[in-house]
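Structure first, commentary second.
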Protein chains: 2
Amino acid sequence: MDKTGSDQTTEDKILEAAKNVFVAKGMSGARMQDIANEAGINKALLHYYFRSKEKLFEVIFKAAVSRLVPRITAILESDLPLFTKIERFCENYIDTVMQSPFIPLFVINEMNKQPEEFILKIWGDQKPGLQIFFKQVEEAVATRLIRPIHPHQLLTHIVSLNIFPFVAKPIIFFVTGMNTQEYKEFMIARKKEIPEFIINSIKI
Amino acid sequence: MDKTGSDQTTEDKILEAAKNVFVAKGMSGARMQDIANEAGINKALLHYYFRSKEKLFEVIFKAAVSRLVPRITAILESDLPLFTKIERFCENYIDTVMQSPFIPLFVINEMNKQPEEFILKIWGDQKPGLQIFFKQVEEAVATRLIRPIHPHQLLTHIVSLNIFPFVAKPIIFFVTGMNTQEYKEFMIARKKEIPEFIINSIKI
DNA sequence: GTTTGTATTAACCAAATGGTTAAACTAAAT
DNA sequence: ATTTAGTTTAACCATTTGGTTAATACAAAC
């Protein structure tokens, strides 16, 4: 099967190419011929391996989401102290996304396109177990460990600070004049910058 | 021209419909027939009024961007004290976007699709005048008004906290159980929450 | 009522699109 | 060498797509 010296299967080639094209054009805008071109294969193979555009998309979507969501919610659901939780969340999130930087934009788009379907696909009919985190924040406020802040606002701050810089990459490059290596270091630095920023803000 | 009792021109109907479809499907994925359907008009009118899909898209893109970028950079370029600047930026930004909540996602997508073209279209060959803000942050650090923080990191924090919650609307709804009115109040509250959060973090 | 300019429509067009089909290719097993 | 199973290809198909065209409708001016 492998006769060109490359060790990538046709299936893997398709998945990689499809990911790039779906990210660039969205599901509707992506062309099967473009995916085939990018993968360096004949278009009929897309159907041979994945049956339809929709199914191909589904595979990539599932892979993206399953890489992100479980470990993120696991941290927030754990018994760790609040500040440790924030630190772990940030470190974990940024590490995860740096390995697949397309995920935030991809997930954001899908989430906004069909919100109900998106949520159903990821969580079914359950709710993410964030009550533990919310209660923890409320307790920390009540015991004056942290300033008064609504748990929803705090979670939004945390997630915003972690996600947005990935989708803002082009503008960060432009505004700061960073190159690729500098951007990478910038994002790695954020693993500590963000929790420090947050904890400094809420700590009494 | 107006014979149905509605005071919207055909052109306005097209623009509104196109905005919705472009936001939902992206430029590639948007279908002219879908836009015509949403506007309740004959497809040929799209070409009569706007010549081509690309030109139609351009009009909407320009309108979106011109509503956001100038006032945001103007605040950062001004002579206001640093903390006032942060407060003004957040208040202004959230007010602006709440009037056209589709803008962040729209702009984020365009920015990531073709970064160079995006930047060229908005700024031409100039640079946004953010040096004033960056120097201000450095001075504030030097004079121990604020904790040491890199200006690039601070700007990224500020913009992240303001933009992301708009594109995260579906997940915020889901995770918090908010309804539309509650979400609106939540976002209005952020006009004060965000600068407070930031200033508490950096202030010595 | 007629003319003029603008707006709207339905039909049409060539190209693009997702998907299908059958033949050809490849490699392993016999 | 032949058979088998899996992979790949080029051609094909019906439908969709952005855009065009000519006729019709509409409203204002004369």
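Residues in the structure tokens are numbered from 1 in each chain, the chains being A, B, ... in the order shown, and ligands are numbered from 1 in the order shown.
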Any idea what's packed within 12 Å of range 14-28 of chain D, counting only C-alpha atoms (C1' of nucleotides), ignoring anything in its chain fewer than 2 positions away? Could you give it as a PyMOL selection string? (chain B and resi 1-3+28-34+43-48+50-54) or (chain C and resi 3-20) or (chain D and resi 12+30)
Nearest to Leu105 in chain B: which of A:Ala168, A:Ile35, A:Ile204, A:Asn179 is it, counting only C-alpha atoms?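 Using only C-alpha atoms, Leu105 in chain B sits closest to A:Ala168.
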Closest pair table for chain A residues within 6 Å of chain B, only C-alpha atoms, as JSON lines:
{"residue": "A:Ala24", "atom": "CA", "partner": "B:Lys113", "partner_atom": "CA", "distance": 5.6}
{"residue": "A:Ser28", "atom": "CA", "partner": "B:Gly29", "partner_atom": "CA", "distance": 4.4}
{"residue": "A:Gly29", "atom": "CA", "partner": "B:Gly29", "partner_atom": "CA", "distance": 3.6}
{"residue": "A:Lys113", "atom": "CA", "partner": "B:Ala24", "partner_atom": "CA", "distance": 5.6}
{"residue": "A:Pro115", "atom": "CA", "partner": "B:Pro170", "partner_atom": "CA", "distance": 5.8}
{"residue": "A:His157", "atom": "CA", "partner": "B:Leu161", "partner_atom": "CA", "distance": 6.0}
{"residue": "A:Ser160", "atom": "CA", "partner": "B:Phe164", "partner_atom": "CA", "distance": 5.3}
{"residue": "A:Leu161", "atom": "CA", "partner": "B:Ser160", "partner_atom": "CA", "distance": 5.5}
{"residue": "A:Phe164", "atom": "CA", "partner": "B:Ser160", "partner_atom": "CA", "distance": 5.3}
{"residue": "A:Pro170", "atom": "CA", "partner": "B:Pro115", "partner_atom": "CA", "distance": 5.8}
{"residue": "A:Phe197", "atom": "CA", "partner": "B:Ser201", "partner_atom": "CA", "distance": 5.7}
{"residue": "A:Asn200", "atom": "CA", "partner": "B:Ser201", "partner_atom": "CA", "distance": 4.8}
{"residue": "A:Ser201", "atom": "CA", "partner": "B:Ser201", "partner_atom": "CA", "distance": 3.8}
With only C-alpha atoms (C1' of nucleotides) counted and 8 Å as the cut-off, give the residues of chain D in contact with chain A, each with its shortest interatomic distance in Å and the pair that gives it, as CSV.
residue,atom,partner,partner_atom,distance
D:DT7,C1',A:Met1,CA,8.0
D:DT8,C1',A:Leu45,CA,7.4
D:DT9,C1',A:Asn42,CA,7.1
Dump as a compact mmCIF listing (two decimals), in the first residue's frame, selection limited to all heavy atoms:
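Wrote out.txt, looks like this:
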# COMPACT_ATOMS: atom_id res chain seq x y z
P DT D 7 -8.18 -1.25 1.62
OP1 DT D 7 -7.30 -0.78 2.69
OP2 DT D 7 -9.64 -1.07 1.68
O5' DT D 7 -7.66 -0.65 0.25
C5' DT D 7 -6.31 -0.87 -0.12
C4' DT D 7 -6.02 -0.18 -1.43
O4' DT D 7 -6.74 -0.84 -2.50
C3' DT D 7 -6.45 1.29 -1.47
O3' DT D 7 -5.31 2.03 -1.86
C2' DT D 7 -7.57 1.33 -2.51
C1' DT D 7 -7.22 0.13 -3.39
N1 DT D 7 -8.34 -0.50 -4.14
C2 DT D 7 -8.24 -0.60 -5.53
O2 DT D 7 -7.29 -0.16 -6.15
N3 DT D 7 -9.31 -1.22 -6.14
C4 DT D 7 -10.42 -1.76 -5.51
O4 DT D 7 -11.29 -2.30 -6.17
C5 DT D 7 -10.45 -1.63 -4.07
C7 DT D 7 -11.60 -2.17 -3.31
C6 DT D 7 -9.42 -1.02 -3.46
P DT D 8 -5.35 3.61 -1.89
OP1 DT D 8 -3.98 4.04 -1.60
OP2 DT D 8 -6.48 4.09 -1.07
O5' DT D 8 -5.66 3.91 -3.42
C5' DT D 8 -4.74 3.46 -4.41
C4' DT D 8 -5.31 3.71 -5.79
O4' DT D 8 -6.45 2.85 -6.01
C3' DT D 8 -5.80 5.14 -6.03
O3' DT D 8 -4.91 5.74 -6.96
C2' DT D 8 -7.21 4.97 -6.61
C1' DT D 8 -7.26 3.49 -6.96
N1 DT D 8 -8.60 2.85 -6.87
C2 DT D 8 -9.17 2.32 -8.03
O2 DT D 8 -8.63 2.37 -9.12
N3 DT D 8 -10.41 1.73 -7.86
C4 DT D 8 -11.11 1.61 -6.66
O4 DT D 8 -12.20 1.05 -6.63
C5 DT D 8 -10.46 2.18 -5.49
C7 DT D 8 -11.13 2.12 -4.16
C6 DT D 8 -9.26 2.76 -5.66
P DT D 9 -5.16 7.23 -7.47
OP1 DT D 9 -3.85 7.77 -7.77
OP2 DT D 9 -6.07 7.90 -6.52
O5' DT D 9 -5.96 7.01 -8.84
C5' DT D 9 -5.40 6.15 -9.84
C4' DT D 9 -6.38 6.01 -10.97
O4' DT D 9 -7.51 5.23 -10.54
C3' DT D 9 -6.96 7.36 -11.41
O3' DT D 9 -6.42 7.67 -12.70
C2' DT D 9 -8.48 7.14 -11.48
C1' DT D 9 -8.67 5.68 -11.20
N1 DT D 9 -9.81 5.35 -10.30
C2 DT D 9 -10.85 4.58 -10.79
O2 DT D 9 -10.90 4.16 -11.93
N3 DT D 9 -11.84 4.30 -9.87
C4 DT D 9 -11.89 4.72 -8.55
O4 DT D 9 -12.82 4.39 -7.84
C5 DT D 9 -10.77 5.53 -8.12
C7 DT D 9 -10.73 6.03 -6.71
C6 DT D 9 -9.80 5.80 -9.00
Can you pull out the residues contacting range 90-97 of chain A? Cut-off 7 Å, using only C-alpha atoms (C1' of nucleotides), and skip same-chain residues under 5 positions away; I want them as a PDB file with C-alpha atoms, in the first residue's frame.
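Produced file part34.pdb, reproduced below:
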ATOM      1  CA  ILE A  72     -11.172  20.305  30.609  1.00  0.00           C
ATOM      2  CA  ILE A 103      -9.621  23.249  17.404  1.00  0.00           C
ATOM      3  CA  ASN A 162      -7.375  30.595  27.333  1.00  0.00           C
ATOM      4  CA  LYS A 191       0.288  28.984  30.821  1.00  0.00           C
ATOM      5  CA  PRO A 195      -3.502  31.894  36.206  1.00  0.00           C
TER       6      PRO A 195
END
Just the helix (DSSP H, G or I) stuff from chain A, please, per backbone DSSP, written as number ranges by chain. A: 10-29, 32-39, 44-50, 53-77, 82-99, 103-113, 115-123, 131-142, 151-167, 169-176, 180-202
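Atom to atom, CA of Leu56 in chain A and CA of Leu15 in chain A stand 7.8 Å apart.
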Spatial neighbours of DT3 in chain D, 12 Å, only C-alpha atoms (C1' of nucleotides), chain gap at least 5 places, as a PDB file with N, CA, C and O atoms (P, O5', C5', C4', C3', O3' and C1' of nucleotides), in the first residue's frame:
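In the end it all went to selection_32.pdb:
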ATOM      1  P    DA C  28       2.563  -7.498   0.029  1.00  0.00           P
ATOM      2  O5'  DA C  28       1.772  -8.692   0.704  1.00  0.00           O
ATOM      3  C5'  DA C  28       0.434  -8.474   1.150  1.00  0.00           C
ATOM      4  C4'  DA C  28      -0.385  -9.739   1.001  1.00  0.00           C
ATOM      5  C3'  DA C  28       0.385 -11.019   1.363  1.00  0.00           C
ATOM      6  O3'  DA C  28      -0.453 -11.805   2.202  1.00  0.00           O
ATOM      7  C1'  DA C  28      -0.556 -11.229  -0.785  1.00  0.00           C
ATOM      8  P    DA C  29       0.120 -13.099   2.929  1.00  0.00           P
ATOM      9  O5'  DA C  29      -0.745 -14.270   2.274  1.00  0.00           O
ATOM     10  C5'  DA C  29      -2.157 -14.108   2.159  1.00  0.00           C
ATOM     11  C4'  DA C  29      -2.715 -15.194   1.267  1.00  0.00           C
ATOM     12  C3'  DA C  29      -2.125 -16.580   1.518  1.00  0.00           C
ATOM     13  O3'  DA C  29      -3.195 -17.538   1.518  1.00  0.00           O
ATOM     14  C1'  DA C  29      -1.882 -16.000  -0.754  1.00  0.00           C
ATOM     15  P    DT C  30      -2.903 -19.037   1.960  1.00  0.00           P
ATOM     16  O5'  DT C  30      -2.895 -19.806   0.554  1.00  0.00           O
ATOM     17  C5'  DT C  30      -4.092 -19.795  -0.231  1.00  0.00           C
ATOM     18  C4'  DT C  30      -3.798 -20.363  -1.583  1.00  0.00           C
ATOM     19  C3'  DT C  30      -3.081 -21.717  -1.559  1.00  0.00           C
ATOM     20  O3'  DT C  30      -3.933 -22.732  -2.060  1.00  0.00           O
ATOM     21  C1'  DT C  30      -2.158 -20.210  -3.190  1.00  0.00           C
TER      22       DT C  30
END
